[in-house]
$ cat structure_9.txt   # compact mmCIF, C-alpha atoms and all ligand atoms
# COMPACT_ATOMS: atom_id res chain seq x y z
CA MET Q 1 148.07 82.24 102.05
CA ARG Q 2 144.95 84.01 100.83
CA ASP Q 3 141.70 82.91 102.48
CA SER Q 4 139.12 83.18 99.72
CA ASN Q 5 136.20 82.92 102.14
CA ILE Q 6 137.03 86.04 104.03
CA TYR Q 7 135.21 88.40 101.73
CA ASP Q 8 131.63 87.28 101.40
CA ARG Q 9 130.83 88.42 97.90
CA GLN Q 10 127.08 88.13 98.37
CA ARG Q 11 127.22 90.73 101.09
CA VAL Q 12 126.63 93.65 98.87
CA HIS Q 13 124.16 95.81 100.70
CA THR Q 14 122.37 96.15 103.94
CA CYS Q 15 119.87 98.67 105.09
CA ASN Q 16 118.02 98.78 108.34
CA CYS Q 17 115.46 101.54 108.72
CA ARG Q 18 112.87 102.65 111.27
CA GLY Q 19 109.15 102.67 110.64
CA HIS Q 20 106.30 100.38 109.67
CA TRP Q 21 107.49 96.94 108.51
CA MET Q 22 106.01 97.43 105.03
CA LYS Q 23 107.82 100.73 104.51
CA ARG Q 24 110.94 99.12 105.87
CA ARG Q 25 110.72 96.17 103.49
CA LEU Q 26 110.07 98.47 100.54
CA GLY Q 27 112.98 100.68 101.58
CA GLU Q 28 115.26 97.69 101.87
CA LEU Q 29 114.10 96.36 98.54
CA ALA Q 30 114.74 99.68 96.80
CA PHE Q 31 118.20 100.03 98.35
CA GLY Q 32 118.88 96.39 97.56
CA ILE Q 33 118.10 96.86 93.88
CA VAL Q 34 120.22 100.00 93.64
CA TRP Q 35 123.22 98.39 95.35
CA LYS Q 36 122.90 95.21 93.29
CA VAL Q 37 122.79 97.17 90.04
CA LEU Q 38 125.84 99.17 91.09
CA ALA Q 39 127.55 95.98 92.18
CA PHE Q 40 126.69 94.31 88.87
CA LEU Q 41 128.24 97.25 87.05
CA GLY Q 42 131.26 96.88 89.27
CA ILE Q 43 130.82 100.39 90.65
CA SER Q 44 130.17 99.97 94.32
CA ARG Q 45 132.12 96.96 95.49
CA LEU Q 46 135.27 97.73 97.27
CA ASP Q 47 137.41 94.65 97.64
CA TYR Q 48 140.69 95.46 99.32
CA TYR Q 49 142.16 92.11 98.31
CA ARG Q 50 141.78 92.82 94.64
CA HIS Q 51 142.43 96.51 95.10
CA TYR Q 52 145.94 95.93 96.46
CA ALA Q 53 146.66 92.84 94.35
CA ARG Q 54 145.94 94.81 91.18
CA SER Q 55 147.74 98.00 92.17
CA ASP Q 56 151.30 99.12 91.95
CA ILE Q 57 151.66 99.56 95.72
CA ASP Q 58 155.30 100.72 95.54
CA GLN Q 59 154.39 103.61 93.26
CA LYS Q 60 150.97 104.53 94.58
CA TYR Q 61 150.98 103.62 98.24
CA LYS Q 62 150.04 107.11 99.38
CA THR Q 63 146.83 107.24 97.40
CA LEU Q 64 145.57 103.65 97.64
CA THR Q 65 143.71 103.96 100.93
CA GLY Q 66 141.33 106.82 100.31
CA CYS Q 67 143.69 109.82 100.27
CA THR Q 68 143.12 112.09 97.31
CA SER Q 69 146.75 113.26 97.25
CA GLU Q 70 150.17 112.24 98.57
CA GLU Q 71 150.14 115.36 100.78
CA GLU Q 72 146.92 114.19 102.43
CA PHE Q 73 148.56 110.86 103.34
CA ASP Q 74 151.35 112.71 105.15
CA GLN Q 75 149.17 115.46 106.66
CA THR Q 76 146.55 113.11 108.09
CA GLY Q 77 149.32 110.82 109.35
CA LYS Q 78 150.80 113.76 111.26
CA LEU Q 79 147.38 114.66 112.69
CA VAL Q 80 146.93 111.07 113.84
CA LEU Q 81 150.27 111.05 115.65
CA GLU Q 82 149.46 114.39 117.30
CA GLN Q 83 146.11 113.05 118.49
CA LEU Q 84 147.73 109.90 119.84
CA ILE Q 85 150.34 111.92 121.70
CA SER Q 86 147.64 114.15 123.18
CA LEU Q 87 146.02 110.97 124.52
CA GLY Q 88 149.22 109.79 126.19
CA PHE Q 89 151.10 107.95 123.44
CA LYS Q 90 154.84 107.94 124.14
CA GLN Q 91 158.01 106.88 122.39
CA ASN Q 92 158.02 103.67 124.41
CA SER Q 93 154.34 102.83 123.88
CA LYS Q 94 153.13 99.62 122.28
CA ILE Q 95 150.61 100.06 119.53
CA LEU Q 96 148.59 97.82 117.23
CA ASP Q 97 147.52 99.43 113.95
CA LEU Q 98 144.52 97.32 112.95
CA GLY Q 99 143.95 97.61 109.20
CA CYS Q 100 147.28 99.38 108.72
CA GLY Q 101 146.91 99.63 104.93
CA THR Q 102 150.01 101.07 103.28
CA GLY Q 103 151.34 102.53 106.53
CA ARG Q 104 149.95 106.01 107.04
CA LEU Q 105 150.69 105.73 110.76
CA ALA Q 106 153.84 103.61 110.35
CA THR Q 107 155.32 106.43 108.22
CA GLN Q 108 155.00 108.82 111.16
CA LEU Q 109 156.09 106.33 113.80
CA LEU Q 110 159.23 105.23 111.99
CA PRO Q 111 161.22 108.28 113.18
CA TYR Q 112 159.20 108.80 116.38
CA LEU Q 113 159.04 105.45 118.18
CA GLY Q 114 161.94 104.67 120.53
CA GLU Q 115 163.77 101.37 120.92
CA GLN Q 116 161.51 100.39 123.84
CA GLY Q 117 158.36 101.07 121.87
CA GLU Q 118 156.69 98.53 119.65
CA TYR Q 119 154.55 98.82 116.55
CA TYR Q 120 152.40 96.00 115.14
CA GLY Q 121 150.53 96.54 111.88
CA CYS Q 122 148.00 94.05 110.56
CA ASP Q 123 145.80 93.95 107.50
CA ILE Q 124 143.80 91.39 105.55
CA SER Q 125 145.83 91.92 102.38
CA PRO Q 126 149.03 89.84 102.13
CA GLU Q 127 150.32 92.16 99.38
CA VAL Q 128 150.06 95.25 101.51
CA ILE Q 129 151.69 93.49 104.48
CA GLU Q 130 154.59 92.42 102.28
CA PHE Q 131 154.94 96.02 101.10
CA CYS Q 132 154.91 97.35 104.70
CA ARG Q 133 157.50 94.81 105.86
CA LYS Q 134 159.92 96.07 103.23
CA ARG Q 135 159.17 99.76 103.58
CA TYR Q 136 159.00 100.11 107.37
CA SER Q 137 161.83 97.84 108.29
CA ARG Q 138 162.87 98.23 111.92
CA SER Q 139 163.46 95.56 114.54
CA ASN Q 140 160.52 96.75 116.67
CA PHE Q 141 158.11 97.08 113.71
CA HIS Q 142 156.11 93.94 112.99
CA PHE Q 143 153.56 93.25 110.27
CA LEU Q 144 151.12 90.41 109.93
CA THR Q 145 148.19 89.35 107.80
CA ASN Q 146 144.99 88.89 109.76
CA GLN Q 147 141.68 87.30 108.89
CA MET Q 148 138.46 89.23 108.56
CA LYS Q 149 137.45 88.42 112.13
CA LYS Q 150 140.66 87.24 113.75
CA ILE Q 151 144.04 88.66 114.61
CA PRO Q 152 146.65 85.92 114.86
CA LEU Q 153 148.56 87.43 117.77
CA SER Q 154 149.02 85.58 121.02
CA LEU Q 155 150.76 88.30 122.99
CA GLY Q 156 148.01 88.64 125.57
CA ALA Q 157 146.90 92.06 126.78
CA ASN Q 158 149.99 93.83 125.56
CA PHE Q 159 149.02 97.03 123.80
CA ASP Q 160 148.75 100.55 125.23
CA PHE Q 161 146.95 101.67 122.08
CA ILE Q 162 145.01 100.07 119.29
CA TRP Q 163 144.47 102.31 116.30
CA CYS Q 164 141.78 101.35 113.82
CA TYR Q 165 141.30 104.09 111.25
CA SER Q 166 138.87 103.76 108.38
CA VAL Q 167 138.38 100.00 108.86
CA PHE Q 168 135.06 99.62 110.71
CA THR Q 169 133.78 101.98 108.01
CA HIS Q 170 134.14 99.11 105.52
CA ILE Q 171 132.94 96.06 107.41
CA PHE Q 172 129.68 94.55 108.68
CA PRO Q 173 128.57 94.58 112.32
CA ASP Q 174 129.27 90.89 113.02
CA GLU Q 175 132.82 91.34 111.70
CA MET Q 176 133.28 94.43 113.83
CA VAL Q 177 132.01 92.60 116.91
CA CYS Q 178 134.64 89.86 116.42
CA LEU Q 179 137.40 92.41 115.90
CA LEU Q 180 136.32 94.34 119.00
CA GLN Q 181 136.59 91.09 120.93
CA GLU Q 182 140.07 90.57 119.53
CA CYS Q 183 141.02 94.12 120.55
CA LYS Q 184 139.66 93.47 124.01
CA ARG Q 185 141.90 90.42 124.26
CA LEU Q 186 144.96 92.39 123.18
CA ILE Q 187 144.60 95.71 124.98
CA ARG Q 188 146.04 96.50 128.40
CA PRO Q 189 143.52 97.29 131.15
CA GLN Q 190 144.20 101.03 130.91
CA GLY Q 191 144.86 100.98 127.17
CA LEU Q 192 142.91 102.94 124.59
CA LEU Q 193 141.25 101.68 121.44
CA LEU Q 194 140.59 104.36 118.86
CA ALA Q 195 138.23 103.50 116.04
CA SER Q 196 136.77 105.70 113.34
CA TYR Q 197 133.19 105.36 112.12
CA TYR Q 198 130.66 106.87 109.79
CA ILE Q 199 127.68 107.85 111.86
CA ALA Q 200 124.44 107.55 109.92
CA GLY Q 201 122.14 110.48 109.52
CA ARG Q 202 124.70 113.24 109.52
CA GLU Q 203 124.58 113.88 105.82
CA PRO Q 204 121.55 113.37 103.55
CA ALA Q 205 118.29 113.75 105.45
CA PHE Q 206 116.88 110.40 104.33
CA LEU Q 207 119.69 108.61 106.17
CA LYS Q 208 118.40 110.05 109.45
CA ARG Q 209 116.01 107.12 109.34
CA VAL Q 210 118.82 104.65 109.62
CA LYS Q 211 118.54 103.01 112.97
CA SER Q 212 121.22 100.38 113.06
CA PHE Q 213 123.49 100.17 110.05
CA TYR Q 214 123.45 100.82 106.37
CA GLY Q 215 125.87 100.32 103.52
CA ASN Q 216 128.34 97.95 101.98
CA ARG Q 217 132.09 97.47 101.86
CA ASP Q 218 132.49 100.84 100.19
CA ARG Q 219 131.01 102.66 103.13
CA MET Q 220 129.28 101.31 106.20
CA GLU Q 221 127.31 103.73 108.35
CA TYR Q 222 126.12 103.04 111.86
CA GLY Q 223 123.31 104.56 113.86
CA ASP Q 224 124.85 106.21 116.90
CA ASP Q 225 122.73 104.32 119.49
CA PHE Q 226 123.18 100.99 117.75
CA LEU Q 227 126.94 101.47 117.63
CA ARG Q 228 127.17 102.42 121.31
CA GLU Q 229 125.08 99.38 122.18
CA ILE Q 230 127.46 97.06 120.29
CA ILE Q 231 130.46 98.66 121.95
CA SER Q 232 128.92 98.32 125.39
CA GLU Q 233 127.94 94.68 124.75
CA GLN Q 234 131.62 93.93 124.10
CA GLY Q 235 132.58 95.21 127.54
CA LEU Q 236 133.98 98.50 126.28
CA PHE Q 237 132.87 102.06 126.91
CA VAL Q 238 133.16 105.30 125.00
CA LEU Q 239 135.53 107.54 126.91
CA ASP Q 240 135.45 110.35 124.38
CA THR Q 241 134.87 111.12 120.72
CA ILE Q 242 137.38 113.07 118.66
CA SER Q 243 137.62 113.64 114.95
CA ILE Q 244 140.23 113.71 112.25
CA GLN Q 245 139.24 115.37 109.01
CA LYS Q 246 135.61 115.35 110.15
CA GLN Q 247 135.65 111.56 110.59
CA PRO Q 248 134.39 110.71 114.09
CA ILE Q 249 136.75 108.60 116.16
CA PHE Q 250 135.54 106.81 119.26
CA VAL Q 251 138.04 106.56 122.09
CA LEU Q 252 137.24 103.27 123.83
CA ARG Q 253 138.41 101.69 127.02
CA LEU Q 254 137.71 98.41 128.82
CA ARG Q 255 134.87 98.59 131.29
C1 LIG Q 301 140.62 102.85 104.02
S1 LIG Q 301 141.92 101.75 104.34
C2 LIG Q 301 142.67 102.51 105.74
C3 LIG Q 301 144.10 102.06 105.93
C4 LIG Q 301 144.84 102.72 107.10
N1 LIG Q 301 144.18 102.45 108.36
C5 LIG Q 301 145.00 104.21 106.89
O1 LIG Q 301 144.58 104.97 107.76
O2 LIG Q 301 145.53 104.59 105.85
C6 LIG Q 301 141.10 100.34 105.06
C7 LIG Q 301 142.04 99.19 105.34
O3 LIG Q 301 141.38 98.24 106.17
C8 LIG Q 301 141.77 96.96 105.75
N2 LIG Q 301 140.76 96.02 106.27
C9 LIG Q 301 139.50 95.81 105.87
N3 LIG Q 301 138.92 94.86 106.64
C10 LIG Q 301 139.83 94.50 107.57
C11 LIG Q 301 139.84 93.56 108.65
N4 LIG Q 301 138.78 92.81 108.93
N5 LIG Q 301 140.97 93.45 109.39
C12 LIG Q 301 142.05 94.20 109.10
N6 LIG Q 301 142.11 95.09 108.09
C13 LIG Q 301 141.02 95.23 107.34
C14 LIG Q 301 141.84 97.06 104.25
O4 LIG Q 301 142.60 96.03 103.67
C15 LIG Q 301 142.49 98.43 104.10
O5 LIG Q 301 143.89 98.35 104.10
$ encode --input "structure_9.txt" --output "structure tokens" --more "lines below"
Ligand SMILES: C[S@@+](CC[C@H](N)C(=O)[O-])C[C@H]1O[C@@H](n2cnc3c(N)ncnc32)[C@H](O)[C@@H]1O
Amino acid sequence: MRDSNIYDRQRVHTCNCRGHWMKRRLGELAFGIVWKVLAFLGISRLDYYRHYARSDIDQKYKTLTGCTSEEEFDQTGKLVLEQLISLGFKQNSKILDLGCGTGRLATQLLPYLGEQGEYYGCDISPEVIEFCRKRYSRSNFHFLTNQMKKIPLSLGANFDFIWCYSVFTHIFPDEMVCLLQECKRLIRPQGLLLASYYIAGREPAFLKRVKSFYGNRDRMEYGDDFLREIISEQGLFVLDTISIQKQPIFVLRLR
């Protein structure tokens, strides 16, 4: 059943800059007004619930999660699998795909994963989970709807890998903290959690001022230090950083 409280609709913008408090307040105010106007016009609010519920997932599943073409869905999926394999993923590995969307990774794993392996995909959208259940139907492929901050799995520390691509790029820090805790609960001691982020300050110069986080559900950017601090506070550490299509991916492990 849909939990209408999961998406907090008032949470349109956030900006957190360095500098004198007055400049900071003015900066926040200016950003706030811009985001609110865009939100009012319906331009800048990404709501995955509505997005999937209103879309023809069967027809458009390859282009509903940010890919500009069907080829990109397949190509990036292949790159992801190659990266996972280079980090030790095997045909008998157990993986959780957190925020699985329409199954970019599931598409690649369907022919790759062996009978001993296990794939779990979860997402906040019941529609997309229903779609995935039908499309990627194998006895060792499981799909479930999760809440914004909770993953309803009671398997214990079971996963060799947790893959979280383009999800923390759309949520707020407190939500990410809860999901990191959930990942910590579900990952094996030597397992790897791979999560992609937007790191603030890499693109327009004015964003270099961003210290902690900035953005909305369209795009959430984190300051590098702030992000590493959050990760460390959750008892995880950054083993490495890789990238897929220029999007930084942190490779995390339990401390
Ligand atoms: C840009 S799409 C990426 C989908 C998929 N990971 C991929 O690589 O194609 C972001 C996905 O994250 C899901 N999502 C957003 N917040 C989430 C949360 N708190 N828990 C699980 N999934 C979430 C959205 O519903 C959406 O399917």
$ closest_atom_pairs --input "structure_9.txt" --of "chain Q" --to "ligand LIG 301 (chain Q)" --cutoff "9 Å" --atoms "only C-alpha atoms and all ligand atoms" --output "Markdown table"
| residue | atom | partner | partner_atom | distance |
| --- | --- | --- | --- | --- |
| Q:Ile6 | CA | Q:LIG301 | N4 | 8.5 |
| Q:Tyr7 | CA | Q:LIG301 | N3 | 8.9 |
| Q:Asp47 | CA | Q:LIG301 | O4 | 8.1 |
| Q:Tyr48 | CA | Q:LIG301 | O4 | 4.8 |
| Q:Tyr49 | CA | Q:LIG301 | O4 | 6.7 |
| Q:His51 | CA | Q:LIG301 | O4 | 8.6 |
| Q:Tyr52 | CA | Q:LIG301 | O4 | 7.9 |
| Q:Lys62 | CA | Q:LIG301 | O2 | 8.3 |
| Q:Thr63 | CA | Q:LIG301 | O2 | 9.0 |
| Q:Leu64 | CA | Q:LIG301 | S1 | 7.9 |
| Q:Thr65 | CA | Q:LIG301 | S1 | 4.4 |
| Q:Gly66 | CA | Q:LIG301 | C1 | 5.5 |
| Q:Cys67 | CA | Q:LIG301 | O2 | 7.9 |
| Q:Phe73 | CA | Q:LIG301 | O2 | 7.4 |
| Q:Thr76 | CA | Q:LIG301 | O1 | 8.4 |
| Q:Gly77 | CA | Q:LIG301 | O1 | 7.7 |
| Q:Val80 | CA | Q:LIG301 | O1 | 8.9 |
| Q:Asp97 | CA | Q:LIG301 | N1 | 7.2 |
| Q:Leu98 | CA | Q:LIG301 | C12 | 5.5 |
| Q:Gly99 | CA | Q:LIG301 | N6 | 3.3 |
| Q:Cys100 | CA | Q:LIG301 | N1 | 4.4 |
| Q:Gly101 | CA | Q:LIG301 | O5 | 3.4 |
| Q:Thr102 | CA | Q:LIG301 | O2 | 6.3 |
| Q:Gly103 | CA | Q:LIG301 | O2 | 6.2 |
| Q:Arg104 | CA | Q:LIG301 | O2 | 4.8 |
| Q:Leu105 | CA | Q:LIG301 | O1 | 6.8 |
| Q:Cys122 | CA | Q:LIG301 | C12 | 6.1 |
| Q:Asp123 | CA | Q:LIG301 | N6 | 3.9 |
| Q:Ile124 | CA | Q:LIG301 | N6 | 4.8 |
| Q:Ser125 | CA | Q:LIG301 | O4 | 5.4 |
| Q:Val128 | CA | Q:LIG301 | O5 | 7.4 |
| Q:Thr145 | CA | Q:LIG301 | C12 | 7.9 |
| Q:Asn146 | CA | Q:LIG301 | N5 | 6.1 |
| Q:Gln147 | CA | Q:LIG301 | N5 | 6.2 |
| Q:Met148 | CA | Q:LIG301 | N4 | 3.6 |
| Q:Lys149 | CA | Q:LIG301 | N4 | 5.6 |
| Q:Lys150 | CA | Q:LIG301 | N5 | 7.6 |
| Q:Ile151 | CA | Q:LIG301 | N5 | 7.7 |
| Q:Trp163 | CA | Q:LIG301 | N1 | 7.9 |
| Q:Cys164 | CA | Q:LIG301 | N1 | 6.1 |
| Q:Tyr165 | CA | Q:LIG301 | N1 | 4.4 |
| Q:Ser166 | CA | Q:LIG301 | C1 | 4.8 |
| Q:Val167 | CA | Q:LIG301 | O3 | 4.4 |
| Q:Phe168 | CA | Q:LIG301 | N3 | 7.4 |
| Q:Thr169 | CA | Q:LIG301 | C1 | 8.0 |
| Q:His170 | CA | Q:LIG301 | C9 | 6.3 |
| Q:Ile171 | CA | Q:LIG301 | N3 | 6.1 |
| Q:Glu175 | CA | Q:LIG301 | N4 | 6.7 |
| Q:Met176 | CA | Q:LIG301 | N4 | 7.5 |
| Q:Leu179 | CA | Q:LIG301 | N4 | 7.1 |
| Q:Arg217 | CA | Q:LIG301 | C9 | 8.6 |
$ atom_distance --input "structure_9.txt" --atom1 "atom CA of Arg185 of chain Q" --atom2 "atom CA of Phe89 of chain Q"
19.8 Å
$ atom_distance --input "structure_9.txt" --atom1 "atom CA of Leu236 of chain Q" --atom2 "atom CA of Tyr214 of chain Q"
22.6 Å
$ atom_distance --input "structure_9.txt" --atom1 "atom CA of Phe131 of chain Q" --atom2 "atom CA of Glu70 of chain Q"
17.1 Å
$ closest_residue --input "structure_9.txt" --among "Q:Gln245, Q:Lys94, Q:Asp58, Q:Asp160" --to "Gln75 of chain Q" --atoms "all atoms listed in the file"
Q:Gln245
$ closest_residue --input "structure_9.txt" --among "Q:Tyr222, Q:Tyr197, Q:Phe143, Q:Phe213" --to "Ser243 of chain Q" --atoms "all atoms listed in the file"
Q:Tyr197
$ closest_residue --input "structure_9.txt" --among "Q:Pro248, Q:Pro126, Q:Gly156, Q:Gly235" --to "Leu180 of chain Q" --atoms "all atoms listed in the file"
Q:Gly235
$ residues_around --input "structure_9.txt" --residues "Pro111 of chain Q" --least-positions-apart "2" --cutoff "12 Å" --atoms "all atoms listed in the file" --output "list in words"
Lys78, Leu81, Gln91, Leu105, Ala106, Thr107, Gln108, Leu109, Leu113, Gly114, Glu115, Gly117, Tyr136, Ser137, Arg138 and Phe141 of chain Q
$ closest_residue --input "structure_9.txt" --among "Q:Asp74, Q:Asp56, Q:Glu118, Q:Glu233" --to "Leu96 of chain Q" --atoms "all atoms listed in the file"
Q:Glu118
$ closest_residue --input "structure_9.txt" --among "Q:Ile57, Q:Leu153, Q:Ile199, Q:Leu254" --to "Arg135 of chain Q" --atoms "all atoms listed in the file"
Q:Ile57
$ axis_aligned_box --input "structure_9.txt" --around "segment 158-164 of chain Q" --padding-each-side "4 Å" --output "lines of an AutoDock Vina configuration file"
center_x = 145.9
center_y = 98.1
center_z = 119.7
size_x = 16.2
size_y = 16.5
size_z = 19.7
$ closest_residue --input "structure_9.txt" --among "Q:Val238, Q:Ala200, Q:Ile244, Q:Leu46" --to "Gly223 of chain Q" --atoms "only C-alpha atoms"
Q:Ala200
